[in-house]
>>> print(open('final03.cif').read())   # mmCIF, C-alpha atoms and all ligand atoms
data_input
#
loop_
_atom_site.label_atom_id
_atom_site.label_comp_id
_atom_site.auth_asym_id
_atom_site.auth_seq_id
_atom_site.Cartn_x
_atom_site.Cartn_y
_atom_site.Cartn_z
CA MET A 1206 30.52 2.18 -8.12
CA ASN A 1207 34.13 3.05 -7.34
CA ILE A 1208 35.93 0.35 -5.36
CA LEU A 1209 39.15 1.17 -3.52
CA ILE A 1210 41.44 -1.81 -2.95
CA GLY A 1211 44.36 -1.44 -0.55
CA PRO A 1212 46.56 -0.59 1.15
CA PHE A 1213 49.27 -2.59 -0.64
CA SER A 1214 52.82 -2.59 0.74
CA GLN A 1215 53.98 -1.82 -2.81
CA ILE A 1216 52.27 -1.24 -6.14
CA LEU A 1217 54.30 -1.71 -9.32
CA PRO A 1218 52.17 -0.05 -12.00
CA MET A 1219 54.76 -0.91 -14.71
CA THR A 1220 54.34 2.56 -16.17
CA GLY A 1221 56.97 4.85 -17.68
CA ILE A 1222 59.01 1.87 -18.87
CA PRO A 1223 60.41 1.89 -22.43
CA LEU A 1224 59.18 -0.91 -24.69
CA LYS A 1225 62.65 -1.91 -25.81
CA GLY A 1226 66.10 -2.47 -24.39
CA THR A 1227 67.76 -3.01 -21.02
CA LEU A 1228 66.11 -2.14 -17.72
CA GLN A 1229 67.39 -1.75 -14.19
CA ASP A 1230 65.27 -2.13 -11.11
CA GLU A 1231 65.60 1.63 -10.57
CA ASP A 1232 63.47 2.03 -13.70
CA LEU A 1233 60.49 0.56 -11.83
CA THR A 1234 58.07 2.98 -10.22
CA VAL A 1235 57.18 1.64 -6.77
CA ILE A 1236 54.22 3.19 -4.95
CA GLU A 1237 54.66 2.43 -1.24
CA LYS A 1238 51.42 1.97 0.74
CA GLY A 1239 49.45 2.26 -2.46
CA GLY A 1240 45.84 1.80 -3.41
CA ILE A 1241 43.90 1.29 -6.60
CA VAL A 1242 40.41 2.44 -7.50
CA VAL A 1243 38.49 0.30 -9.99
CA ASN A 1244 35.07 0.76 -11.53
CA ASP A 1245 33.22 -1.47 -13.98
CA GLY A 1246 36.30 -3.56 -14.76
CA ARG A 1247 38.57 -0.59 -15.45
CA ILE A 1248 41.24 1.21 -13.47
CA VAL A 1249 40.18 4.63 -12.21
CA ALA A 1250 43.26 5.66 -10.20
CA VAL A 1251 46.50 4.31 -8.74
CA ALA A 1252 48.11 6.36 -5.96
CA PRO A 1253 49.05 6.32 -2.26
CA TYR A 1254 46.13 4.73 -0.38
CA LYS A 1255 45.57 7.71 1.94
CA GLU A 1256 45.27 10.11 -0.97
CA LEU A 1257 42.70 7.88 -2.64
CA LEU A 1258 40.66 7.65 0.58
CA GLN A 1259 40.41 11.45 0.54
CA GLN A 1260 39.79 11.75 -3.18
CA TYR A 1261 37.10 9.05 -3.30
CA PRO A 1262 35.26 9.42 0.03
CA ASP A 1263 32.16 7.58 -1.22
CA CYS A 1264 33.93 4.53 -2.60
CA GLU A 1265 33.49 0.99 -1.33
CA VAL A 1266 36.71 -0.11 0.39
CA HIS A 1267 38.20 -3.58 -0.01
CA PHE A 1268 40.70 -3.48 2.81
CA ILE A 1269 43.94 -5.48 2.54
CA ASP A 1270 45.16 -6.39 6.01
CA GLN A 1271 48.42 -8.20 5.17
CA PRO A 1272 51.67 -7.29 3.39
CA MET A 1273 50.94 -7.52 -0.32
CA VAL A 1274 52.60 -6.39 -3.58
CA LEU A 1275 50.28 -5.47 -6.45
CA LEU A 1276 51.18 -5.97 -10.13
CA PRO A 1277 49.30 -6.04 -13.43
CA GLY A 1278 48.14 -9.56 -14.36
CA PHE A 1279 50.64 -11.41 -16.53
CA ILE A 1280 50.10 -11.78 -20.28
CA ASP A 1281 51.10 -15.17 -21.73
CA CYS A 1282 51.43 -14.38 -25.44
CA HIS A 1283 52.28 -17.92 -26.65
CA THR A 1284 50.53 -21.14 -25.63
CA HIS A 1285 49.13 -24.33 -27.13
CA ILE A 1286 46.76 -25.21 -24.25
CA CYS A 1287 43.98 -26.62 -26.45
CA TYR A 1288 44.95 -30.28 -26.85
CA ASP A 1289 44.10 -33.77 -25.69
CA GLY A 1290 46.40 -36.50 -24.46
CA ASN A 1291 49.84 -36.09 -23.01
CA ARG A 1292 53.30 -36.92 -24.33
CA SER A 1293 55.00 -38.30 -21.23
CA ARG A 1294 56.33 -41.17 -23.32
CA ASP A 1295 58.17 -38.64 -25.52
CA TYR A 1296 59.50 -36.93 -22.44
CA ALA A 1297 60.74 -40.16 -20.87
CA MET A 1298 62.52 -41.07 -24.12
CA ARG A 1299 64.03 -37.60 -24.41
CA ILE A 1300 65.47 -37.49 -20.89
CA ALA A 1301 66.81 -41.00 -21.47
CA GLY A 1302 68.78 -39.56 -24.39
CA LYS A 1303 66.71 -40.51 -27.44
CA SER A 1304 66.91 -38.17 -30.44
CA TYR A 1305 64.09 -36.20 -32.04
CA LEU A 1306 64.04 -38.64 -34.94
CA GLU A 1307 63.95 -41.71 -32.72
CA ILE A 1308 61.02 -40.21 -30.81
CA ALA A 1309 59.18 -39.35 -34.04
CA ARG A 1310 59.79 -42.89 -35.37
CA ALA A 1311 58.30 -44.31 -32.16
CA GLY A 1312 55.12 -42.37 -32.91
CA GLY A 1313 55.90 -39.26 -30.84
CA GLY A 1314 56.24 -35.58 -31.68
CA ILE A 1315 53.64 -33.05 -32.83
CA TRP A 1316 51.89 -35.68 -34.95
CA ASP A 1317 51.07 -37.71 -31.84
CA SER A 1318 49.18 -34.72 -30.36
CA VAL A 1319 47.47 -34.17 -33.72
CA THR A 1320 46.24 -37.76 -33.68
CA LYS A 1321 44.93 -37.48 -30.11
CA THR A 1322 43.38 -34.06 -30.64
CA ARG A 1323 41.67 -35.09 -33.87
CA VAL A 1324 39.74 -37.85 -32.12
CA ALA A 1325 38.81 -35.72 -29.10
CA ASP A 1326 35.32 -34.22 -29.07
CA THR A 1327 34.73 -30.50 -28.73
CA VAL A 1328 33.48 -30.78 -25.13
CA THR A 1329 36.71 -32.48 -24.06
CA LEU A 1330 38.82 -29.82 -25.77
CA VAL A 1331 36.77 -27.04 -24.17
CA GLU A 1332 37.12 -28.63 -20.72
CA ASN A 1333 40.87 -29.15 -21.12
CA THR A 1334 41.39 -25.59 -22.28
CA VAL A 1335 39.24 -24.08 -19.51
CA ALA A 1336 41.06 -26.13 -16.85
CA ARG A 1337 44.47 -24.96 -18.06
CA ALA A 1338 43.33 -21.36 -18.46
CA ASN A 1339 41.90 -21.37 -14.94
CA ARG A 1340 45.13 -22.77 -13.54
CA HIS A 1341 47.00 -19.95 -15.28
CA LEU A 1342 44.50 -17.42 -13.93
CA GLN A 1343 45.05 -18.64 -10.36
CA GLU A 1344 48.76 -18.09 -10.97
CA GLY A 1345 48.20 -14.48 -12.02
CA VAL A 1346 48.07 -14.92 -15.80
CA THR A 1347 44.99 -12.97 -16.86
CA THR A 1348 45.41 -12.92 -20.67
CA ILE A 1349 46.38 -16.05 -22.63
CA GLU A 1350 47.04 -16.52 -26.31
CA VAL A 1351 45.93 -20.01 -27.46
CA LYS A 1352 46.99 -21.62 -30.74
CA SER A 1353 45.31 -24.26 -32.85
CA GLY A 1354 47.77 -26.44 -34.77
CA TYR A 1355 46.92 -29.95 -33.54
CA GLY A 1356 44.12 -30.27 -36.08
CA LEU A 1357 45.85 -29.63 -39.42
CA ASN A 1358 42.77 -30.24 -41.56
CA MET A 1359 39.59 -28.27 -42.07
CA GLU A 1360 37.42 -30.18 -39.63
CA SER A 1361 39.93 -30.38 -36.79
CA GLU A 1362 41.40 -26.87 -37.06
CA LEU A 1363 37.82 -25.52 -36.94
CA LYS A 1364 37.04 -27.83 -34.02
CA MET A 1365 40.04 -26.51 -32.09
CA LEU A 1366 39.32 -22.85 -32.80
CA ARG A 1367 35.64 -23.28 -31.93
CA ALA A 1368 36.68 -25.03 -28.72
CA ILE A 1369 39.00 -22.12 -27.88
CA GLN A 1370 36.16 -19.67 -28.56
CA GLN A 1371 33.81 -21.63 -26.30
CA ALA A 1372 36.45 -22.02 -23.61
CA GLY A 1373 36.71 -18.23 -23.55
CA LEU A 1374 33.07 -18.12 -22.45
CA HIS A 1375 33.75 -20.47 -19.53
CA THR A 1376 36.83 -18.90 -17.98
CA ALA A 1377 37.35 -15.40 -16.63
CA ALA A 1378 40.76 -15.28 -18.35
CA THR A 1379 40.89 -13.51 -21.72
CA LEU A 1380 41.75 -16.05 -24.45
CA ILE A 1381 43.20 -14.80 -27.74
CA PRO A 1382 43.04 -17.41 -30.52
CA THR A 1383 45.71 -17.90 -33.18
CA CYS A 1384 45.46 -20.23 -36.17
CA LEU A 1385 48.55 -22.46 -36.33
CA ALA A 1386 47.38 -24.65 -39.22
CA ALA A 1387 50.97 -24.15 -40.44
CA HIS A 1388 52.46 -26.12 -37.51
CA MET A 1389 53.63 -28.87 -39.87
CA LYS A 1390 52.45 -30.37 -43.14
CA PRO A 1391 50.15 -33.14 -41.92
CA ARG A 1392 51.38 -36.64 -42.68
CA ASP A 1393 48.11 -37.54 -44.38
CA TYR A 1394 48.32 -34.59 -46.79
CA THR A 1395 49.62 -35.78 -50.13
CA GLY A 1396 50.48 -32.43 -51.77
CA THR A 1397 53.53 -30.18 -51.39
CA GLU A 1398 54.14 -27.69 -48.56
CA ASP A 1399 53.20 -24.85 -50.93
CA GLU A 1400 49.95 -26.57 -51.79
CA TYR A 1401 49.13 -27.15 -48.13
CA LEU A 1402 49.74 -23.49 -47.27
CA GLN A 1403 47.71 -22.40 -50.29
CA TRP A 1404 44.86 -24.64 -49.05
CA ALA A 1405 44.97 -22.86 -45.69
CA LEU A 1406 44.90 -19.46 -47.41
CA ASP A 1407 42.10 -20.34 -49.84
CA GLU A 1408 39.88 -22.59 -47.74
CA LEU A 1409 40.55 -22.30 -44.03
CA LEU A 1410 41.35 -18.63 -43.35
CA PRO A 1411 38.20 -17.28 -45.06
CA VAL A 1412 36.07 -19.46 -42.74
CA LEU A 1413 37.99 -18.20 -39.70
CA LYS A 1414 37.22 -14.66 -40.83
CA GLN A 1415 33.56 -15.41 -41.45
CA GLU A 1416 33.05 -17.07 -38.07
CA SER A 1417 35.37 -14.64 -36.21
CA LEU A 1418 37.34 -17.64 -34.93
CA ALA A 1419 40.81 -16.05 -35.23
CA SER A 1420 42.38 -12.87 -36.53
CA ARG A 1421 45.97 -14.08 -36.14
CA VAL A 1422 48.08 -16.72 -37.88
CA ASP A 1423 51.30 -18.44 -36.84
CA ILE A 1424 53.74 -20.61 -38.79
CA PHE A 1425 56.55 -22.91 -37.64
CA ILE A 1426 59.61 -22.02 -39.73
CA GLU A 1427 62.11 -24.85 -39.39
CA GLU A 1428 63.90 -27.45 -41.47
CA THR A 1429 61.39 -30.05 -40.24
CA ALA A 1430 58.37 -27.77 -40.75
CA PHE A 1431 58.06 -24.90 -43.30
CA SER A 1432 60.77 -23.17 -45.32
CA ALA A 1433 61.54 -19.46 -45.05
CA ALA A 1434 60.46 -18.86 -48.64
CA ALA A 1435 57.10 -20.65 -48.35
CA SER A 1436 56.49 -18.99 -44.97
CA THR A 1437 57.15 -15.51 -46.35
CA THR A 1438 54.53 -15.98 -49.06
CA TYR A 1439 52.07 -17.48 -46.57
CA LEU A 1440 52.45 -14.64 -44.08
CA GLN A 1441 52.19 -11.94 -46.74
CA LYS A 1442 49.03 -13.45 -48.20
CA ALA A 1443 47.47 -14.00 -44.77
CA MET A 1444 48.21 -10.37 -43.92
CA GLN A 1445 46.56 -9.28 -47.16
CA GLN A 1446 43.47 -11.10 -45.90
CA GLY A 1447 43.68 -8.99 -42.74
CA PHE A 1448 45.32 -11.46 -40.36
CA ALA A 1449 48.03 -10.40 -37.92
CA ALA A 1450 51.05 -12.69 -37.85
CA THR A 1451 53.41 -14.33 -35.42
CA VAL A 1452 56.15 -16.87 -36.11
CA HIS A 1453 57.75 -19.91 -34.45
CA ALA A 1454 61.26 -18.78 -35.31
CA ASP A 1455 64.85 -19.95 -34.84
CA GLN A 1456 64.00 -22.80 -32.45
CA PHE A 1457 66.54 -25.30 -33.79
CA SER A 1458 68.03 -23.40 -36.74
CA ALA A 1459 68.16 -19.69 -37.61
CA GLY A 1460 66.07 -18.17 -40.39
CA GLY A 1461 62.59 -17.60 -39.00
CA ALA A 1462 63.25 -14.35 -37.16
CA GLU A 1463 64.42 -12.74 -40.39
CA VAL A 1464 61.14 -13.72 -42.05
CA ALA A 1465 59.19 -12.35 -39.06
CA VAL A 1466 60.96 -9.00 -39.24
CA ASN A 1467 60.77 -8.74 -43.04
CA THR A 1468 57.06 -9.52 -43.16
CA GLY A 1469 56.25 -7.23 -40.22
CA ALA A 1470 55.05 -10.01 -37.92
CA LEU A 1471 54.00 -8.90 -34.44
CA SER A 1472 56.39 -11.33 -32.80
CA ALA A 1473 59.14 -13.87 -33.43
CA ASP A 1474 58.94 -16.60 -30.80
CA HIS A 1475 61.51 -19.19 -29.53
CA LEU A 1476 64.88 -17.77 -30.82
CA GLU A 1477 67.01 -20.41 -29.07
CA ALA A 1478 69.15 -20.68 -32.23
CA SER A 1479 69.22 -16.97 -33.13
CA THR A 1480 72.64 -15.59 -34.01
CA GLN A 1481 73.87 -11.99 -33.74
CA LYS A 1482 72.37 -11.32 -37.17
CA GLU A 1483 68.83 -12.18 -36.02
CA ILE A 1484 69.38 -10.40 -32.70
CA ASP A 1485 70.30 -7.18 -34.53
CA LEU A 1486 67.39 -7.52 -36.97
CA LEU A 1487 64.93 -7.93 -34.10
CA ALA A 1488 66.47 -5.04 -32.17
CA ARG A 1489 66.00 -2.69 -35.10
CA SER A 1490 62.40 -3.78 -35.69
CA SER A 1491 59.09 -3.46 -33.89
CA THR A 1492 58.69 -7.25 -33.87
CA VAL A 1493 58.55 -8.50 -30.27
CA ALA A 1494 61.21 -11.11 -29.42
CA VAL A 1495 59.30 -13.72 -27.41
CA VAL A 1496 61.51 -16.12 -25.47
CA LEU A 1497 60.07 -19.42 -24.23
CA PRO A 1498 62.10 -20.81 -21.32
CA GLY A 1499 59.53 -23.58 -20.78
CA ALA A 1500 60.51 -25.10 -24.14
CA SER A 1501 64.21 -24.96 -23.24
CA LEU A 1502 63.46 -26.69 -19.93
CA GLY A 1503 61.24 -29.29 -21.59
CA LEU A 1504 63.71 -30.10 -24.35
CA GLY A 1505 66.84 -29.74 -22.23
CA MET A 1506 68.37 -27.20 -24.59
CA GLN A 1507 69.87 -23.73 -24.37
CA TYR A 1508 67.78 -20.67 -23.55
CA ALA A 1509 67.10 -18.02 -26.14
CA PRO A 1510 69.68 -15.20 -25.89
CA ALA A 1511 67.43 -12.86 -23.91
CA ARG A 1512 70.36 -10.94 -22.42
CA LYS A 1513 71.88 -10.27 -25.83
CA LEU A 1514 68.49 -9.32 -27.27
CA LEU A 1515 67.93 -6.75 -24.54
CA ASN A 1516 71.47 -5.41 -24.83
CA ALA A 1517 70.97 -4.97 -28.56
CA GLY A 1518 67.75 -3.03 -27.88
CA ALA A 1519 64.98 -5.55 -28.63
CA CYS A 1520 61.55 -5.73 -27.03
CA VAL A 1521 61.73 -9.02 -25.11
CA ALA A 1522 58.61 -10.80 -23.83
CA ILE A 1523 58.56 -14.10 -21.95
CA ALA A 1524 55.81 -16.67 -22.61
CA SER A 1525 55.16 -20.24 -21.47
CA ASP A 1526 54.70 -22.11 -24.79
CA TRP A 1527 52.55 -24.45 -22.66
CA ASN A 1528 52.06 -27.52 -24.88
CA PRO A 1529 52.03 -31.31 -24.47
CA GLY A 1530 55.37 -31.87 -26.20
CA SER A 1531 58.14 -29.40 -25.53
CA ALA A 1532 56.69 -27.39 -22.61
CA PRO A 1533 54.34 -29.45 -20.45
CA MET A 1534 54.93 -27.59 -17.17
CA GLY A 1535 52.93 -24.50 -18.01
CA ASP A 1536 54.12 -22.42 -15.06
CA LEU A 1537 55.03 -19.05 -16.54
CA LEU A 1538 56.48 -17.51 -13.39
CA ILE A 1539 58.74 -20.46 -12.54
CA GLN A 1540 60.02 -20.49 -16.12
CA ALA A 1541 60.69 -16.73 -16.17
CA ALA A 1542 62.39 -16.84 -12.77
CA VAL A 1543 64.63 -19.78 -13.67
CA MET A 1544 65.59 -18.17 -16.96
CA SER A 1545 66.38 -14.86 -15.29
CA ALA A 1546 69.03 -16.53 -13.12
CA ALA A 1547 70.66 -18.23 -16.12
CA GLU A 1548 70.44 -15.29 -18.54
CA LYS A 1549 71.10 -12.54 -15.94
CA LEU A 1550 67.89 -10.63 -16.47
CA SER A 1551 66.97 -7.92 -13.98
CA THR A 1552 63.70 -8.11 -12.06
CA ALA A 1553 62.51 -5.10 -14.04
CA GLU A 1554 63.31 -6.84 -17.34
CA VAL A 1555 61.44 -9.99 -16.29
CA LEU A 1556 58.35 -8.23 -14.94
CA ALA A 1557 58.23 -6.02 -18.06
CA ALA A 1558 58.57 -9.13 -20.27
CA LEU A 1559 55.49 -10.62 -18.60
CA THR A 1560 53.36 -7.48 -18.81
CA LEU A 1561 53.80 -4.34 -20.93
CA ARG A 1562 56.33 -5.91 -23.29
CA ALA A 1563 54.07 -8.91 -23.98
CA ALA A 1564 51.09 -6.64 -24.72
CA PRO A 1565 52.21 -5.51 -28.22
CA ALA A 1566 52.70 -9.15 -29.29
CA LEU A 1567 48.92 -9.46 -28.91
CA GLN A 1568 48.11 -5.86 -29.95
CA LEU A 1569 46.70 -5.17 -26.49
CA GLN A 1570 46.37 -1.47 -25.88
CA ASP A 1571 44.75 -1.49 -22.45
CA ALA A 1572 46.51 -4.27 -20.52
CA GLY A 1573 49.89 -4.92 -18.93
CA GLN A 1574 50.10 -1.67 -16.95
CA LEU A 1575 48.15 -0.10 -14.12
CA ILE A 1576 46.96 3.06 -15.85
CA THR A 1577 43.67 4.95 -15.63
CA GLY A 1578 41.31 3.49 -18.23
CA PHE A 1579 43.22 0.21 -18.57
CA VAL A 1580 41.53 -3.09 -17.74
CA ALA A 1581 41.66 -3.95 -14.01
CA ASP A 1582 43.57 -7.23 -14.39
CA LEU A 1583 45.55 -7.43 -11.15
CA GLN A 1584 47.51 -9.83 -8.96
CA ALA A 1585 48.90 -9.46 -5.44
CA TYR A 1586 51.80 -11.41 -3.94
CA PRO A 1587 51.97 -12.09 -0.17
CA THR A 1588 55.12 -10.08 0.57
CA ALA A 1589 56.20 -6.50 1.27
CA ASP A 1590 59.13 -6.60 -1.20
CA TYR A 1591 58.56 -7.18 -4.94
CA ARG A 1592 62.03 -8.75 -5.25
CA ASP A 1593 60.73 -11.80 -3.34
CA ILE A 1594 58.69 -12.79 -6.39
CA LEU A 1595 61.71 -13.91 -8.44
CA TYR A 1596 63.75 -14.77 -5.33
CA TYR A 1597 61.38 -17.67 -4.61
CA GLN A 1598 61.79 -18.70 -8.25
CA GLY A 1599 58.10 -18.78 -8.99
CA LYS A 1600 57.12 -20.83 -5.95
CA MET A 1601 55.45 -17.79 -4.36
CA LYS A 1602 52.13 -17.47 -6.14
CA PRO A 1603 49.75 -14.53 -6.06
CA ALA A 1604 47.44 -14.68 -3.03
CA MET A 1605 44.85 -12.59 -4.85
CA VAL A 1606 43.92 -12.17 -8.52
CA TRP A 1607 41.37 -9.85 -10.09
CA LYS A 1608 40.09 -10.12 -13.66
CA LYS A 1609 38.31 -7.04 -15.02
CA GLY A 1610 38.00 -5.84 -11.43
CA GLU A 1611 36.35 -9.07 -10.20
CA LYS A 1612 38.22 -11.05 -7.58
CA VAL A 1613 38.86 -14.55 -8.97
CA LYS A 1614 41.26 -15.67 -6.21
O1 LIG B 1701 56.31 -24.22 -29.66
N1 LIG B 1701 57.94 -25.66 -32.10
C1 LIG B 1701 56.90 -26.15 -32.44
N2 LIG B 1701 55.79 -26.24 -31.75
C2 LIG B 1701 55.65 -26.32 -30.34
C3 LIG B 1701 55.78 -27.68 -29.86
C4 LIG B 1701 54.62 -28.41 -30.20
C5 LIG B 1701 54.66 -29.84 -29.83
O2 LIG B 1701 55.74 -30.44 -29.69
O3 LIG B 1701 53.57 -30.35 -29.68
C6 LIG B 1701 56.59 -25.40 -29.61
O4 LIG B 1701 57.54 -25.80 -28.96
FE FE B 1702 54.95 -22.93 -29.52
#
>>> encode(input="final03.cif", output="structure tokens")
Amino acid sequence: MNILIGPFSQILPMTGIPLKGTLQDEDLTVIEKGGIVVNDGRIVAVAPYKELLQQYPDCEVHFIDQPMVLLPGFIDCHTHICYDGNRSRDYAMRIAGKSYLEIARAGGGIWDSVTKTRVADTVTLVENTVARANRHLQEGVTTIEVKSGYGLNMESELKMLRAIQQAGLHTAATLIPTCLAAHMKPRDYTGTEDEYLQWALDELLPVLKQESLASRVDIFIEETAFSAAASTTYLQKAMQQGFAATVHADQFSAGGAEVAVNTGALSADHLEASTQKEIDLLARSSTVAVVLPGASLGLGMQYAPARKLLNAGACVAIASDWNPGSAPMGDLLIQAAVMSAAEKLSTAEVLAALTLRAAPALQLQDAGQLITGFVADLQAYPTADYRDILYYQGKMKPAMVWKKGEKVK
């Protein structure tokens, strides 16, 4: 059954936009008084509402009687929403001026979330993940990448990835799992970093394959986590096993983005410490540069150089990094809007970074744009002017959200 939804004051289909480089708002196609026809979870047509009424005379009409701007659902290509416990003690220490080391010594940091997540049962992790995914969905985020990485041993990494898989059955949002067993070398592991990574390659990844728990791996390349050399080997071997790769790169020191580009990772994420060298490498590659303003806000540090990345010609996506430590807020639109003011990103660049430019980071070929045949993941904001969305700095939320054509808000 064809369903016609509309009329919308404006539809931004996010089509005809290049994947890389700078964008101006004039690059956005805006369909005034538009409509969309959906059928069986897919988009059938996007055009002026009156034309669609004539073309699809037998369709069911879902009439929109208020000013509304329609966009594709957002894609959050980097989160850690499967965890238990919070880290407000870390946060309080950090805003009071304590250093990373002081916080770690007081029992904070990633290891604290590992400890709390290891003792959580699967049901709790599923519930936590579903609750966060549903909050995202209500805020227009229809596809969410979710990392493991608070387990860091066989039992707990599997528990996390199984919880993410189960959570996907209990939320309408699409969840895409990524194995982040290489988040840090766990404190209770007695071998070297190479041995730990080799354990993941030999023991953990084959099980993930067998149980279809993840087809992507991530690694945190940093002085306090894994070296560039060890990470390169890990990523290459994981890719040989058929895994796609993404990297936590250049968060505090540069080096990770180069590994991401050289190994052909889908994305290099963070980039707060990237220099012109990494910016140029990313711009010349097909690796998506994922910036994470939520982590900059949570840690009180500089934003990634999104403006420079776009000027150099990179594909820039924006993700939330929602996690208990560095990015507890988890509001993708507020983070993108706040960053756009600081980094001077155009509305077109921000909306593209949340939709079609985030899609390749997750190898999505039918999401992020309103195109015939694409999935009908949609959101509508209560305004007649799309510029209001960033103007209100993320405080204006979508009034309506559809996932695979079903109205979920
Ligand atoms: O993306 N950078 C490393 N990992 C996470 C933070 C995880 C944590 O602090 O729990 C990040 O910011
Ligand atoms: Fe992260």
>>> atom_distance(input="final03.cif", atom1="CA of Thr1284 (chain A)", atom2="CA of Leu1330 (chain A)")
14.6 Å
>>> closest_residue(input="final03.cif", among="A:Ile1300, A:Leu1209, A:Val1242, A:Ala1589", to="Val1266 (chain A)", atoms="all atoms listed in the file")
A:Leu1209
>>> atom_distance(input="final03.cif", atom1="CA of Thr1376 (chain A)", atom2="CA of Val1613 (chain A)")
10.2 Å
>>> residues_around(input="final03.cif", residues="region 1355-1363 of chain A", least_positions_apart="4", cutoff="9 Å", atoms="only C-alpha atoms", output="ChimeraX atom specification")
/A:1285,1287-1288,1315-1324,1367-1368,1384-1391,1394,1405,1408-1409,1412-1413,1418
>>> closest_residue(input="final03.cif", among="A:Glu1611, A:Asp1590, A:Glu1350, A:Glu1344", to="ligand FE 1702 (chain B)", atoms="all atoms listed in the file")
A:Glu1350
